[in-house]
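Just below is one structure, and these are the notes that go with it.
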Amino acid sequence: MKIGMLGGGQLARMLALAGIPLGCEFTIFSPDREACAAPLGRSCCYDYSDAEALMDLAASSDVIGFEFENVPVRTLDFLADHLPVRPGPEALRLAQDRVHEKELFTELDIPCAAFFPVDSLEDLHRAAALIGLPAVLKARRQGYDGRGQTLIRQMDEMAPAWQLLGGQPAILESLVDFDREISVIAVRAASGETAFYALSENTHHHGILRLAVSQPHDSMQAQAERYAQRLLDRLDYVGVLALELFQAGDHLLANEYAPRVHNSGHWTIEGAATSQFENHLRAIMGLPLGSTALRGVAATINLIGTVPDMARILGTPNTCLHLYGKACKPGRKLGHVTVCADSMKQLNQILSDLSGLFSSEAVSAVAEAGHYQN
Ligand code: ATP
Ligand code: MG
Ligand code: MG
């Protein structure tokens, strides 16, 4: 099957790596000349608003997918007039605007932090009076890896926080005092069949995901799946969707959803019977889903900004290295390491052995604290 992929980053690259054995042919459509997925398919370097290039893409594809959340929705709308776009434009439209996204959670009875749209400094004062401080001011659109977000603890931090956004429409959210962050990776086939992966427990540092750990029988699994199921059904969704959640006590609060494969699910390449990438492709091609069963326990460690000594990573048992072929740059996701193990005890031991290799304080801190128990 011919897949037209909008966006050419590491998610497209890993989708292509999963799709090649299934006989998929990819066209990677991205304005970025250096797109790291480009070597894995026919590559077009065009703007997302180039109608002629999009018509070519439509003519040479059976289905359109996307891996990049900031593809203009009008590009998907345009393509959807010619061939299936999966997931559909509505899932992207709502995810691109944090206010619409949180309104959707509210409509579906999925709890989330108190929030208020902010279009001016006066709005910000009103919002803070309503939801209280501390709170997080975020750009409504275009944010990723925690960019465009400022924590406001007291009144005199409001004006500088608003100024930092340069007048962009924003949202103020109350700061959630969470015990942990988790995500559930869900997948829905064109037939309506759904499946879920074991929850990931996620550690962020400076807004960027550093470490994701998955083990079976998480006490919040059923609740997280119920919330994700509501999103899948409401959006008549086809493909993989990730729902990021905060856990506070016994409660889950939704943070955001990603209408695509997700960084916290990279462990599924080695750690699950069918990876999130293969299941996404199966879904968008109208094929049955594969088993999401977890094999033992697994962790993903992100390589941010620099790549540590390859030989030491490869010399560590139960460890796999994925490099994305991107140039080193501070704060950039360059690759990840997956660790699979039979038990949390074994996983902790390997994480602790590896922790000295990574610059990430988060990974070291988690491993040293022995935070993950059997
Ligand atoms: P992503 O790369 O996941 O798309 P993003 O830029 O969309 O990131 P968020 O997921 O909203 O940003 O926030 C990044 C991180 O900041 C969260 O994972 C969490 O650690 C923290 N954070 C965001 N919003 C809140 C909140 N309301 N309360 C507490 N922590 C928060
Ligand atoms: Mg996000
Ligand atoms: Mg997030």
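In the structure tokens, each chain is lettered A, B, ... as it comes, each chain's residues begin at 1, and ligands are numbered from 1 in order of appearance.
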Contacts to ligand 3 at 10 Å cut-off (only C-alpha atoms and all ligand atoms) as a list in words: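 Every residue with an atom at most 10 Å from ligand 3 is listed here: Gly143, Tyr144, Asp145, Gly146, Glu181, Ser183, His204, Gly207, Ile208, Leu209, Ala242, Leu243, Glu244, Leu245, Asn255, Glu256, Tyr257, Ala258, His262 and Asn263 of chain A.
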For the residues in the current selection, export C-alpha atoms as a PDB file, in the first residue's frame.
ATOM      1  CA  GLY A 143       3.821  24.242  21.563  1.00  0.00           C
ATOM      2  CA  TYR A 144       5.862  21.080  21.979  1.00  0.00           C
ATOM      3  CA  ASP A 145       8.505  19.836  24.421  1.00  0.00           C
ATOM      4  CA  GLY A 146       7.229  22.418  26.909  1.00  0.00           C
ATOM      5  CA  GLU A 181       2.668  11.527  34.889  1.00  0.00           C
ATOM      6  CA  SER A 183       0.290   8.122  29.217  1.00  0.00           C
ATOM      7  CA  HIS A 204      10.074  14.998  32.144  1.00  0.00           C
ATOM      8  CA  GLY A 207       9.393  20.064  29.644  1.00  0.00           C
ATOM      9  CA  ILE A 208      11.014  17.272  27.591  1.00  0.00           C
ATOM     10  CA  LEU A 209      10.254  13.595  28.105  1.00  0.00           C
ATOM     11  CA  ALA A 242      -1.748   8.946  22.967  1.00  0.00           C
ATOM     12  CA  LEU A 243      -3.404  10.471  26.006  1.00  0.00           C
ATOM     13  CA  GLU A 244      -1.108  12.177  28.532  1.00  0.00           C
ATOM     14  CA  LEU A 245      -2.432  12.181  32.085  1.00  0.00           C
ATOM     15  CA  ASN A 255      -3.076  16.960  30.127  1.00  0.00           C
ATOM     16  CA  GLU A 256      -3.237  16.631  26.343  1.00  0.00           C
ATOM     17  CA  TYR A 257      -3.667  14.080  23.608  1.00  0.00           C
ATOM     18  CA  ALA A 258      -1.505  13.479  20.565  1.00  0.00           C
ATOM     19  CA  HIS A 262       3.988   9.013  20.729  1.00  0.00           C
ATOM     20  CA  ASN A 263       7.411   9.231  22.301  1.00  0.00           C
TER      21      ASN A 263
END
Region 26-188 of chain A: residues DSSP assigns to strand (DSSP E), reported as a ChimeraX atom specification: /A:26-29,42-44,63-66,115-118,135-139,149-152,170-174,180-188
Test item: residues at most 9 Å from Ala139 (chain A), only C-alpha atoms, excluding those fewer than 3 positions along its chain, as a ChimeraX atom specification: /A:97-98,142-143,147-149,165,168-172
Keeping only C-alpha atoms, write the selected residues to a file as a tab-separated table (two decimals), in the first residue's frame.
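New file result_7.tsv:
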chain	number	residue	atom	x	y	z
A	97	ASP	CA	-5.66	24.29	20.12
A	98	ARG	CA	-5.24	23.68	23.85
A	142	GLN	CA	2.20	25.25	18.25
A	143	GLY	CA	3.82	24.24	21.56
A	147	ARG	CA	8.01	25.40	24.65
A	148	GLY	CA	5.84	28.49	25.03
A	149	GLN	CA	4.98	27.71	28.67
A	165	LEU	CA	4.22	35.00	24.53
A	168	GLN	CA	-0.20	34.94	21.03
A	169	PRO	CA	-3.56	33.55	22.14
A	170	ALA	CA	-2.93	31.56	25.30
A	171	ILE	CA	-4.48	29.41	27.99
A	172	LEU	CA	-3.97	29.59	31.74
All residues 12 Å or closer to His266 (chain A), only C-alpha atoms, same chain fewer than 6 positions away omitted, as a PyMOL selection string: chain A and resi 10-11+14-15+18+185+197+200+209+211-214+242+272+274-278+298-302+320-322+335-340
Region 320-350 of chain A: residues DSSP assigns to alpha helix (DSSP H), reported as a PyMOL selection string: chain A and resi 344-350
Glu101 (chain A) surroundings by only C-alpha atoms, 10 Å radius, close-in-sequence under 5 positions cut, as a PyMOL selection string: chain A and resi 91-96+106-107+140+254-257
Residues from last step as file, N, CA and C atoms, as a PDB file, in the first residue's frame:
ATOM      1  N   ALA A  91      -9.567  15.328  14.458  1.00  0.00           N
ATOM      2  CA  ALA A  91      -8.720  14.944  15.601  1.00  0.00           C
ATOM      3  C   ALA A  91      -7.527  15.890  15.708  1.00  0.00           C
ATOM      4  N   LEU A  92      -7.016  16.323  14.557  1.00  0.00           N
ATOM      5  CA  LEU A  92      -5.873  17.234  14.560  1.00  0.00           C
ATOM      6  C   LEU A  92      -6.327  18.651  14.913  1.00  0.00           C
ATOM      7  N   ARG A  93      -7.465  19.049  14.332  1.00  0.00           N
ATOM      8  CA  ARG A  93      -7.979  20.400  14.575  1.00  0.00           C
ATOM      9  C   ARG A  93      -8.129  20.647  16.084  1.00  0.00           C
ATOM     10  N   LEU A  94      -8.725  19.706  16.794  1.00  0.00           N
ATOM     11  CA  LEU A  94      -8.976  19.901  18.225  1.00  0.00           C
ATOM     12  C   LEU A  94      -7.677  19.823  19.025  1.00  0.00           C
ATOM     13  N   ALA A  95      -6.757  18.956  18.606  1.00  0.00           N
ATOM     14  CA  ALA A  95      -5.499  18.816  19.355  1.00  0.00           C
ATOM     15  C   ALA A  95      -4.589  20.027  19.172  1.00  0.00           C
ATOM     16  N   GLN A  96      -4.777  20.769  18.087  1.00  0.00           N
ATOM     17  CA  GLN A  96      -3.867  21.897  17.818  1.00  0.00           C
ATOM     18  C   GLN A  96      -4.155  23.122  18.676  1.00  0.00           C
ATOM     19  N   THR A 106     -13.690  18.158  28.639  1.00  0.00           N
ATOM     20  CA  THR A 106     -14.822  18.485  29.507  1.00  0.00           C
ATOM     21  C   THR A 106     -16.111  17.883  28.950  1.00  0.00           C
ATOM     22  N   GLU A 107     -16.303  18.020  27.640  1.00  0.00           N
ATOM     23  CA  GLU A 107     -17.500  17.449  26.994  1.00  0.00           C
ATOM     24  C   GLU A 107     -17.581  15.937  27.245  1.00  0.00           C
ATOM     25  N   ARG A 140      -1.701  28.763  23.086  1.00  0.00           N
ATOM     26  CA  ARG A 140      -2.784  27.835  22.721  1.00  0.00           C
ATOM     27  C   ARG A 140      -2.355  26.870  21.637  1.00  0.00           C
ATOM     28  N   ALA A 254      -6.536  14.722  32.563  1.00  0.00           N
ATOM     29  CA  ALA A 254      -5.931  14.706  31.233  1.00  0.00           C
ATOM     30  C   ALA A 254      -5.075  15.954  31.049  1.00  0.00           C
ATOM     31  N   ASN A 255      -3.907  15.802  30.482  1.00  0.00           N
ATOM     32  CA  ASN A 255      -3.076  16.960  30.127  1.00  0.00           C
ATOM     33  C   ASN A 255      -3.314  17.303  28.659  1.00  0.00           C
ATOM     34  N   GLU A 256      -3.007  16.387  27.774  1.00  0.00           N
ATOM     35  CA  GLU A 256      -3.237  16.631  26.343  1.00  0.00           C
ATOM     36  C   GLU A 256      -3.282  15.287  25.633  1.00  0.00           C
ATOM     37  N   TYR A 257      -3.771  15.309  24.394  1.00  0.00           N
ATOM     38  CA  TYR A 257      -3.667  14.080  23.608  1.00  0.00           C
ATOM     39  C   TYR A 257      -2.885  14.388  22.348  1.00  0.00           C
TER      40      TYR A 257
END
For Arg180 (chain A), the nearest of the candidates A:Lys326, A:Arg282, A:His251, A:His100, counting only C-alpha atoms: A:His251
Near-Leu151 (chain A) list (7 Å; only C-alpha atoms; drop same-chain fewer than 2 positions) as a ChimeraX atom specification: /A:135-137,149,153
Give me a file of those residues, with N, CA and C atoms, as a PDB file, in the first residue's frame.
ATOM      1  N   ALA A 135      -0.092  28.721  38.470  1.00  0.00           N
ATOM      2  CA  ALA A 135      -0.742  28.271  37.246  1.00  0.00           C
ATOM      3  C   ALA A 135       0.279  28.318  36.105  1.00  0.00           C
ATOM      4  N   VAL A 136      -0.056  27.641  35.029  1.00  0.00           N
ATOM      5  CA  VAL A 136       0.863  27.602  33.883  1.00  0.00           C
ATOM      6  C   VAL A 136       0.215  28.336  32.725  1.00  0.00           C
ATOM      7  N   LEU A 137       0.955  29.303  32.166  1.00  0.00           N
ATOM      8  CA  LEU A 137       0.478  30.019  30.977  1.00  0.00           C
ATOM      9  C   LEU A 137       1.114  29.355  29.760  1.00  0.00           C
ATOM     10  N   GLN A 149       5.692  27.880  27.387  1.00  0.00           N
ATOM     11  CA  GLN A 149       4.983  27.713  28.669  1.00  0.00           C
ATOM     12  C   GLN A 149       5.733  28.438  29.768  1.00  0.00           C
ATOM     13  N   ARG A 153       3.853  31.882  39.617  1.00  0.00           N
ATOM     14  CA  ARG A 153       3.622  31.554  41.024  1.00  0.00           C
ATOM     15  C   ARG A 153       2.974  32.715  41.767  1.00  0.00           C
TER      16      ARG A 153
END
Point-to-point distance in Å for CA of Lys333 (chain A) and CA of Ile350 (chain A):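 Between CA of Ile350 (chain A) and CA of Lys333 (chain A) the gap works out to 21.7 Å.
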d(CA of Val176 (chain A), CA of Ala248 (chain A)) in Å: 8.1 Å
